[in-house]
file final_9.cif (mmCIF, C-alpha atoms)
data_final
loop_
_atom_site.label_atom_id
_atom_site.label_comp_id
_atom_site.auth_asym_id
_atom_site.auth_seq_id
_atom_site.Cartn_x
_atom_site.Cartn_y
_atom_site.Cartn_z
CA MET A 7 58.54 -9.30 -6.03
CA SER A 8 57.92 -13.04 -6.54
CA GLU A 9 55.40 -14.32 -9.07
CA HIS A 10 53.47 -16.03 -6.26
CA HIS A 11 53.20 -12.77 -4.33
CA THR A 12 52.13 -10.91 -7.47
CA VAL A 13 49.36 -13.41 -8.20
CA ARG A 14 48.21 -13.34 -4.59
CA SER A 15 48.05 -9.55 -4.50
CA TYR A 16 46.09 -9.60 -7.77
CA ASP A 17 43.60 -12.10 -6.37
CA GLU A 18 43.26 -10.02 -3.23
CA ALA A 19 42.53 -6.94 -5.31
CA LEU A 20 39.82 -8.78 -7.25
CA HIS A 21 38.31 -10.00 -3.98
CA GLN A 22 38.34 -6.46 -2.61
CA LEU A 23 36.61 -5.19 -5.74
CA ARG A 24 33.88 -7.82 -5.38
CA SER A 25 33.48 -6.91 -1.71
CA MET A 26 33.03 -3.24 -2.59
CA ILE A 27 30.29 -4.12 -5.07
CA THR A 28 28.55 -6.27 -2.46
CA GLN A 29 28.81 -3.46 0.10
CA MET A 30 27.38 -0.95 -2.36
CA GLY A 31 24.49 -3.29 -3.09
CA GLY A 32 23.69 -3.66 0.59
CA LEU A 33 23.76 0.09 1.06
CA ALA A 34 21.54 0.68 -1.98
CA GLU A 35 19.02 -1.83 -0.60
CA ALA A 36 19.07 -0.10 2.79
CA GLN A 37 18.63 3.31 1.15
CA LEU A 38 15.58 2.15 -0.80
CA ASN A 39 14.04 0.59 2.33
CA GLY A 40 14.74 3.69 4.38
CA ALA A 41 13.34 6.07 1.79
CA ILE A 42 10.06 4.18 1.52
CA GLU A 43 9.76 3.79 5.30
CA ALA A 44 10.33 7.53 5.71
CA MET A 45 7.65 8.25 3.09
CA VAL A 46 5.09 5.95 4.73
CA SER A 47 5.78 7.21 8.27
CA ARG A 48 6.12 10.84 7.05
CA ASN A 49 9.39 11.07 8.96
CA GLU A 50 11.31 14.07 7.63
CA ASP A 51 14.37 13.44 9.81
CA ARG A 52 14.68 9.93 8.40
CA SER A 53 14.32 11.26 4.86
CA ARG A 54 17.18 13.69 5.45
CA GLU A 55 19.33 10.84 6.80
CA ILE A 56 18.75 8.92 3.56
CA ILE A 57 19.69 11.97 1.50
CA ALA A 58 22.92 12.47 3.46
CA ALA A 59 23.87 8.78 3.35
CA ASP A 60 23.95 8.78 -0.44
CA LYS A 61 27.46 10.22 -0.26
CA THR A 62 28.71 6.88 1.08
CA ILE A 63 27.54 5.04 -2.04
CA ASP A 64 29.01 7.76 -4.25
CA LYS A 65 32.40 7.38 -2.54
CA LEU A 66 32.37 3.60 -2.92
CA ASP A 67 31.52 3.98 -6.60
CA GLN A 68 34.51 6.28 -7.08
CA ASP A 69 36.78 3.87 -5.21
CA ALA A 70 35.54 0.89 -7.23
CA GLU A 71 36.07 2.77 -10.49
CA THR A 72 39.62 3.72 -9.49
CA MET A 73 40.45 0.16 -8.48
CA ALA A 74 38.98 -1.32 -11.67
CA ILE A 75 40.87 1.11 -13.90
CA ASN A 76 44.13 0.46 -12.05
CA LEU A 77 43.69 -3.29 -12.37
CA ILE A 78 43.12 -3.01 -16.09
CA ALA A 79 46.06 -0.64 -16.56
CA LEU A 80 48.56 -2.49 -14.36
CA ARG A 81 47.55 -6.13 -14.81
CA ALA A 82 46.30 -6.19 -18.42
CA PRO A 83 43.74 -8.91 -17.51
CA LEU A 84 42.37 -11.27 -20.14
CA ALA A 85 39.23 -13.37 -20.63
CA ASP A 86 37.42 -14.15 -17.34
CA ASP A 87 39.35 -11.62 -15.27
CA LEU A 88 38.69 -8.83 -17.77
CA ARG A 89 34.96 -9.61 -17.77
CA GLU A 90 35.04 -9.65 -13.96
CA ILE A 91 36.63 -6.21 -13.72
CA VAL A 92 34.59 -4.53 -16.46
CA GLY A 93 31.42 -6.10 -15.05
CA ALA A 94 32.20 -4.78 -11.59
CA LEU A 95 32.80 -1.33 -13.07
CA LYS A 96 29.38 -1.38 -14.76
CA ILE A 97 27.55 -2.78 -11.73
CA SER A 98 29.13 -0.17 -9.46
CA SER A 99 27.81 2.62 -11.69
CA ILE A 100 24.33 1.08 -11.70
CA LEU A 101 24.24 0.70 -7.91
CA GLU A 102 25.30 4.33 -7.54
CA ARG A 103 22.36 5.28 -9.76
CA ILE A 104 19.97 3.19 -7.66
CA GLY A 105 21.22 5.11 -4.63
CA ASP A 106 20.41 8.35 -6.45
CA TYR A 107 16.85 7.18 -7.07
CA ALA A 108 16.45 6.33 -3.38
CA LYS A 109 17.73 9.80 -2.49
CA ASN A 110 15.21 11.37 -4.86
CA ILE A 111 12.40 9.37 -3.23
CA ALA A 112 13.51 10.71 0.15
CA LYS A 113 13.52 14.29 -1.18
CA ARG A 114 10.00 13.96 -2.58
CA SER A 115 8.84 12.38 0.68
CA ILE A 116 9.69 15.62 2.44
CA ALA A 117 7.50 17.53 0.00
CA LEU A 118 4.69 15.00 0.50
CA ASN A 119 4.72 15.67 4.24
CA HIS A 120 3.16 19.07 3.55
CA SER A 121 0.05 17.50 1.97
CA LYS A 122 -2.52 15.09 3.30
CA PRO A 123 -1.96 11.40 2.46
CA VAL A 124 -3.15 10.18 -0.94
CA GLN A 125 -4.90 6.80 -0.95
CA PRO A 126 -3.29 5.28 -4.10
CA ALA A 127 0.14 5.64 -2.46
CA VAL A 128 -0.39 2.27 -0.75
CA ILE A 129 0.87 0.59 -3.94
CA LEU A 130 4.31 2.19 -3.63
CA PRO A 131 5.56 0.03 -0.72
CA GLN A 132 4.55 -3.05 -2.74
CA MET A 133 6.60 -1.85 -5.69
CA ALA A 134 9.56 -1.00 -3.48
CA ASP A 135 9.45 -4.35 -1.67
CA HIS A 136 9.54 -6.20 -4.96
CA ALA A 137 12.50 -4.06 -6.08
CA ARG A 138 14.27 -4.77 -2.79
CA VAL A 139 13.84 -8.53 -3.24
CA MET A 140 15.10 -8.26 -6.82
CA LEU A 141 18.14 -6.32 -5.66
CA LYS A 142 18.97 -8.83 -2.94
CA GLU A 143 18.63 -11.77 -5.32
CA VAL A 144 20.69 -10.19 -8.07
CA LEU A 145 23.46 -9.51 -5.55
CA ASP A 146 23.24 -13.16 -4.48
CA SER A 147 23.55 -14.19 -8.11
CA TYR A 148 26.65 -11.99 -8.42
CA ILE A 149 28.27 -13.45 -5.30
CA ASP A 150 27.37 -17.05 -6.17
CA ARG A 151 28.00 -16.67 -9.92
CA ASP A 152 24.51 -18.07 -10.51
CA SER A 153 23.39 -17.24 -14.05
CA LYS A 154 20.02 -19.00 -13.67
CA LYS A 155 19.12 -16.83 -10.70
CA ALA A 156 20.20 -13.77 -12.68
CA VAL A 157 17.78 -14.69 -15.48
CA ALA A 158 14.98 -15.22 -12.94
CA VAL A 159 15.64 -11.78 -11.48
CA ARG A 160 15.52 -10.16 -14.89
CA ASP A 161 12.21 -11.83 -15.73
CA SER A 162 10.64 -10.82 -12.40
CA ASP A 163 10.84 -7.11 -13.27
CA GLN A 164 7.49 -7.41 -15.03
CA ALA A 165 5.73 -7.46 -11.64
CA ILE A 166 7.03 -3.95 -10.93
CA ASP A 167 5.90 -2.76 -14.36
CA ASP A 168 2.40 -4.14 -13.73
CA LEU A 169 2.14 -2.31 -10.39
CA TYR A 170 3.49 0.86 -12.00
CA ASN A 171 0.92 0.72 -14.80
CA SER A 172 -1.89 0.27 -12.29
CA LEU A 173 -0.71 3.10 -10.04
CA PHE A 174 -0.14 5.45 -12.98
CA ARG A 175 -3.74 5.07 -14.19
CA GLU A 176 -5.10 5.34 -10.66
CA LEU A 177 -3.20 8.54 -9.90
CA LEU A 178 -4.26 10.18 -13.15
CA THR A 179 -7.89 9.45 -12.34
CA TYR A 180 -7.39 10.59 -8.75
CA MET A 181 -5.95 13.94 -9.89
CA MET A 182 -8.88 14.55 -12.24
CA GLU A 183 -11.34 13.89 -9.45
CA ASN A 184 -9.32 15.82 -6.84
CA PRO A 185 -7.56 18.78 -8.52
CA GLY A 186 -6.43 20.06 -5.15
CA LEU A 187 -4.19 17.00 -4.80
CA ILE A 188 -2.34 17.38 -8.09
CA THR A 189 0.91 18.40 -6.35
CA PRO A 190 1.23 15.37 -4.02
CA CYS A 191 0.03 13.03 -6.78
CA THR A 192 2.72 14.36 -9.09
CA HIS A 193 5.38 13.65 -6.47
CA LEU A 194 3.95 10.14 -6.09
CA LEU A 195 4.15 9.61 -9.85
CA PHE A 196 7.83 10.55 -9.78
CA ILE A 197 8.46 8.23 -6.83
CA ALA A 198 6.73 5.40 -8.68
CA LYS A 199 8.84 6.11 -11.75
CA ASN A 200 11.99 6.05 -9.62
CA ILE A 201 11.08 2.59 -8.34
CA GLU A 202 10.24 1.40 -11.84
CA ARG A 203 13.64 2.61 -13.03
CA ILE A 204 15.33 0.86 -10.11
CA GLY A 205 13.76 -2.35 -11.37
CA ASP A 206 15.14 -1.68 -14.84
CA HIS A 207 18.62 -1.07 -13.44
CA ILE A 208 18.47 -4.30 -11.46
CA THR A 209 17.67 -6.17 -14.68
CA ASN A 210 20.78 -4.55 -16.18
CA VAL A 211 22.83 -5.97 -13.30
CA ALA A 212 21.25 -9.39 -13.87
CA GLU A 213 22.28 -9.31 -17.53
CA ILE A 214 25.83 -8.33 -16.57
CA VAL A 215 26.01 -11.21 -14.09
CA TYR A 216 24.84 -13.59 -16.79
CA TYR A 217 27.60 -12.33 -19.08
CA LEU A 218 30.20 -12.67 -16.33
CA VAL A 219 29.25 -16.30 -15.73
CA GLU A 220 28.45 -17.50 -19.23
CA GLY A 221 30.76 -15.33 -21.30
CA ARG A 222 27.96 -14.30 -23.66
CA ASN A 223 24.97 -12.00 -23.65
CA LEU A 224 21.43 -13.18 -23.02
CA ASP A 225 19.76 -13.99 -26.33
CA LEU A 226 16.18 -13.58 -25.22
CA GLU A 227 14.55 -10.16 -25.45
CA ARG A 228 14.01 -8.61 -22.05
CA PRO A 229 10.38 -8.73 -20.84
CA LYS A 230 9.00 -5.20 -20.59
CA SER A 231 5.44 -4.12 -19.86
CA ASP A 232 5.57 -0.44 -18.91
CA GLU A 233 2.50 0.89 -20.73
CA THR A 234 2.37 4.37 -19.18
CA SER A 235 3.67 6.10 -22.32
CA PHE A 236 0.38 5.16 -24.02
CA THR A 237 -1.96 5.49 -21.02
CA THR A 238 -4.87 7.92 -21.17
CA VAL A 239 -7.88 8.37 -18.91
CA LYS A 240 -11.14 10.11 -19.63
CA PRO A 241 -11.97 13.18 -17.56
CA PRO A 242 -14.99 12.89 -15.26
CA GLU A 243 -18.36 13.74 -16.78
CA GLN A 244 -19.33 17.38 -16.32
CA GLU A 245 -22.77 17.93 -14.87
#

call {"tool": "encode", "arguments": {"input": "final_9.cif", "output": "structure tokens"}}
result
Amino acid sequence: MSEHHTVRSYDEALHQLRSMITQMGGLAEAQLNGAIEAMVSRNEDRSREIIAADKTIDKLDQDAETMAINLIALRAPLADDLREIVGALKISSILERIGDYAKNIAKRSIALNHSKPVQPAVILPQMADHARVMLKEVLDSYIDRDSKKAVAVRDSDQAIDDLYNSLFRELLTYMMENPGLITPCTHLLFIAKNIERIGDHITNVAEIVYYLVEGRNLDLERPKSDETSFTTVKPPEQE
């Protein structure tokens, strides 16, 4: 095999790996959108489609992992190429996890269909839409090798945290005032937490992209404003 052919096949393999990551990202975005739409429309069939479709992301993650490991083992890449492959391996795992969160949202949506709608749930589509935009932009930063956009994505996660904090307090109060709705409110809390965690995972991708482009880690501490671990609400006054 000629050296030219070897280099070309290596470049093609790297391109294929990048394409798999991009495809996974698109599927994860679609899964999140679909799960929230199914929750809002109370469409159980759509929720089950989202749950079943998660297998596609899982398979792509396995394929990407196999390809990355083979490239490292067979090509012994150095410097930029090694960062590229290891970064793709990490991003693939994160996108698979985001798909899992979307699947969990779809599962809880099915349970919510058996209860009447809860008013504070209107915040969830806002959270999910912000996460979707973050995911799209971080994938763009990966494709374009744009470290500035990656930093902007990481910093924008605070908006999701702010919505999560607000919804968390509102749902706690709502459950105290409406004990009969504790079950659906609990499912909504888990859905909100899933979206909040999706935001955190997207910031992880952004930091990986920055490392891929710049060859060093971000120095600044990641903005974080999830206050729910310290949140308390007073029970309603007893007459």

call {"tool": "resolve_selection", "arguments": {"input": "final_9.cif", "expression": "the PyMOL selection byres ((chain A and resi 218) around 12)", "output": "count of residues only"}}
result
33

call {"tool": "resolve_selection", "arguments": {"input": "final_9.cif", "expression": "the PyMOL selection byres ((chain A and resi 42) around 12)", "output": "count of residues only"}}
result
44

call {"tool": "closest_residue", "arguments": {"input": "final_9.cif", "among": "A:Asn119, A:Ala58, A:Gln22, A:Leu101", "to": "A:Ala74", "atoms": "only C-alpha atoms"}}
result
A:Gln22

call {"tool": "residues_around", "arguments": {"input": "final_9.cif", "residues": "A:Gly32", "least_positions_apart": "3", "cutoff": "12 Å", "atoms": "all atoms listed in the file", "output": "JSON, numbers by chain"}}
result
{"A": [25, 26, 27, 28, 29, 35, 36, 37, 38, 39, 62, 63, 66, 98, 101, 102, 104, 105, 138, 139, 141, 142, 143, 144, 145, 146]}

call {"tool": "write_last_selection", "arguments": {"input": "final_9.cif", "atoms": "C-alpha atoms", "output": "mmCIF file, in the frame of the given file"}}
result
data_model
loop_
_atom_site.group_PDB
_atom_site.id
_atom_site.type_symbol
_atom_site.label_atom_id
_atom_site.label_comp_id
_atom_site.auth_asym_id
_atom_site.auth_seq_id
_atom_site.Cartn_x
_atom_site.Cartn_y
_atom_site.Cartn_z
ATOM 1 C CA SER A 25 33.480 -6.910 -1.710
ATOM 2 C CA MET A 26 33.030 -3.240 -2.590
ATOM 3 C CA ILE A 27 30.290 -4.120 -5.070
ATOM 4 C CA THR A 28 28.550 -6.270 -2.460
ATOM 5 C CA GLN A 29 28.810 -3.460 0.100
ATOM 6 C CA GLU A 35 19.020 -1.830 -0.600
ATOM 7 C CA ALA A 36 19.070 -0.100 2.790
ATOM 8 C CA GLN A 37 18.630 3.310 1.150
ATOM 9 C CA LEU A 38 15.580 2.150 -0.800
ATOM 10 C CA ASN A 39 14.040 0.590 2.330
ATOM 11 C CA THR A 62 28.710 6.880 1.080
ATOM 12 C CA ILE A 63 27.540 5.040 -2.040
ATOM 13 C CA LEU A 66 32.370 3.600 -2.920
ATOM 14 C CA SER A 98 29.130 -0.170 -9.460
ATOM 15 C CA LEU A 101 24.240 0.700 -7.910
ATOM 16 C CA GLU A 102 25.300 4.330 -7.540
ATOM 17 C CA ILE A 104 19.970 3.190 -7.660
ATOM 18 C CA GLY A 105 21.220 5.110 -4.630
ATOM 19 C CA ARG A 138 14.270 -4.770 -2.790
ATOM 20 C CA VAL A 139 13.840 -8.530 -3.240
ATOM 21 C CA LEU A 141 18.140 -6.320 -5.660
ATOM 22 C CA LYS A 142 18.970 -8.830 -2.940
ATOM 23 C CA GLU A 143 18.630 -11.770 -5.320
ATOM 24 C CA VAL A 144 20.690 -10.190 -8.070
ATOM 25 C CA LEU A 145 23.460 -9.510 -5.550
ATOM 26 C CA ASP A 146 23.240 -13.160 -4.480
#

call {"tool": "atom_distance", "arguments": {"input": "final_9.cif", "atom1": "atom CA of A:Thr72", "atom2": "atom CA of A:Leu23"}}
result
10.1 Å

call {"tool": "build_atoms", "arguments": {"input": "final_9.cif", "residues": "stretch 191-211 of chain A", "atoms": "N, CA and C atoms", "output": "compact mmCIF listing (two decimals), keeping the file's coordinate frame"}}
result
# COMPACT_ATOMS: atom_id res chain seq x y z
N CYS A 191 0.14 14.14 -5.82
CA CYS A 191 0.03 13.03 -6.78
C CYS A 191 1.17 13.06 -7.78
N THR A 192 1.60 14.25 -8.16
CA THR A 192 2.72 14.36 -9.09
C THR A 192 4.00 13.84 -8.45
N HIS A 193 4.22 14.19 -7.18
CA HIS A 193 5.38 13.65 -6.47
C HIS A 193 5.31 12.13 -6.39
N LEU A 194 4.11 11.59 -6.15
CA LEU A 194 3.95 10.14 -6.09
C LEU A 194 4.24 9.49 -7.43
N LEU A 195 3.85 10.14 -8.51
CA LEU A 195 4.15 9.61 -9.85
C LEU A 195 5.66 9.54 -10.07
N PHE A 196 6.38 10.56 -9.64
CA PHE A 196 7.83 10.55 -9.78
C PHE A 196 8.46 9.46 -8.91
N ILE A 197 7.94 9.29 -7.71
CA ILE A 197 8.46 8.23 -6.83
C ILE A 197 8.23 6.87 -7.47
N ALA A 198 7.03 6.67 -8.01
CA ALA A 198 6.73 5.40 -8.68
C ALA A 198 7.67 5.18 -9.86
N LYS A 199 7.93 6.24 -10.62
CA LYS A 199 8.84 6.11 -11.75
C LYS A 199 10.25 5.78 -11.28
N ASN A 200 10.67 6.37 -10.18
CA ASN A 200 11.99 6.05 -9.62
C ASN A 200 12.10 4.56 -9.30
N ILE A 201 11.05 4.01 -8.68
CA ILE A 201 11.08 2.59 -8.34
C ILE A 201 11.08 1.73 -9.60
N GLU A 202 10.27 2.14 -10.57
CA GLU A 202 10.24 1.40 -11.84
C GLU A 202 11.61 1.39 -12.50
N ARG A 203 12.30 2.52 -12.44
CA ARG A 203 13.64 2.61 -13.03
C ARG A 203 14.64 1.79 -12.23
N ILE A 204 14.48 1.73 -10.92
CA ILE A 204 15.33 0.86 -10.11
C ILE A 204 15.20 -0.58 -10.58
N GLY A 205 13.97 -1.01 -10.84
CA GLY A 205 13.76 -2.35 -11.37
C GLY A 205 14.49 -2.57 -12.68
N ASP A 206 14.43 -1.57 -13.56
CA ASP A 206 15.14 -1.68 -14.84
C ASP A 206 16.65 -1.80 -14.63
N HIS A 207 17.18 -1.01 -13.70
CA HIS A 207 18.62 -1.07 -13.44
C HIS A 207 19.02 -2.42 -12.85
N ILE A 208 18.16 -2.98 -12.02
CA ILE A 208 18.47 -4.30 -11.46
C ILE A 208 18.51 -5.35 -12.57
N THR A 209 17.62 -5.23 -13.55
CA THR A 209 17.67 -6.17 -14.68
C THR A 209 18.97 -6.00 -15.46
N ASN A 210 19.48 -4.77 -15.53
CA ASN A 210 20.78 -4.55 -16.18
C ASN A 210 21.88 -5.30 -15.44
N VAL A 211 21.84 -5.24 -14.10
CA VAL A 211 22.83 -5.97 -13.30
C VAL A 211 22.71 -7.47 -13.57
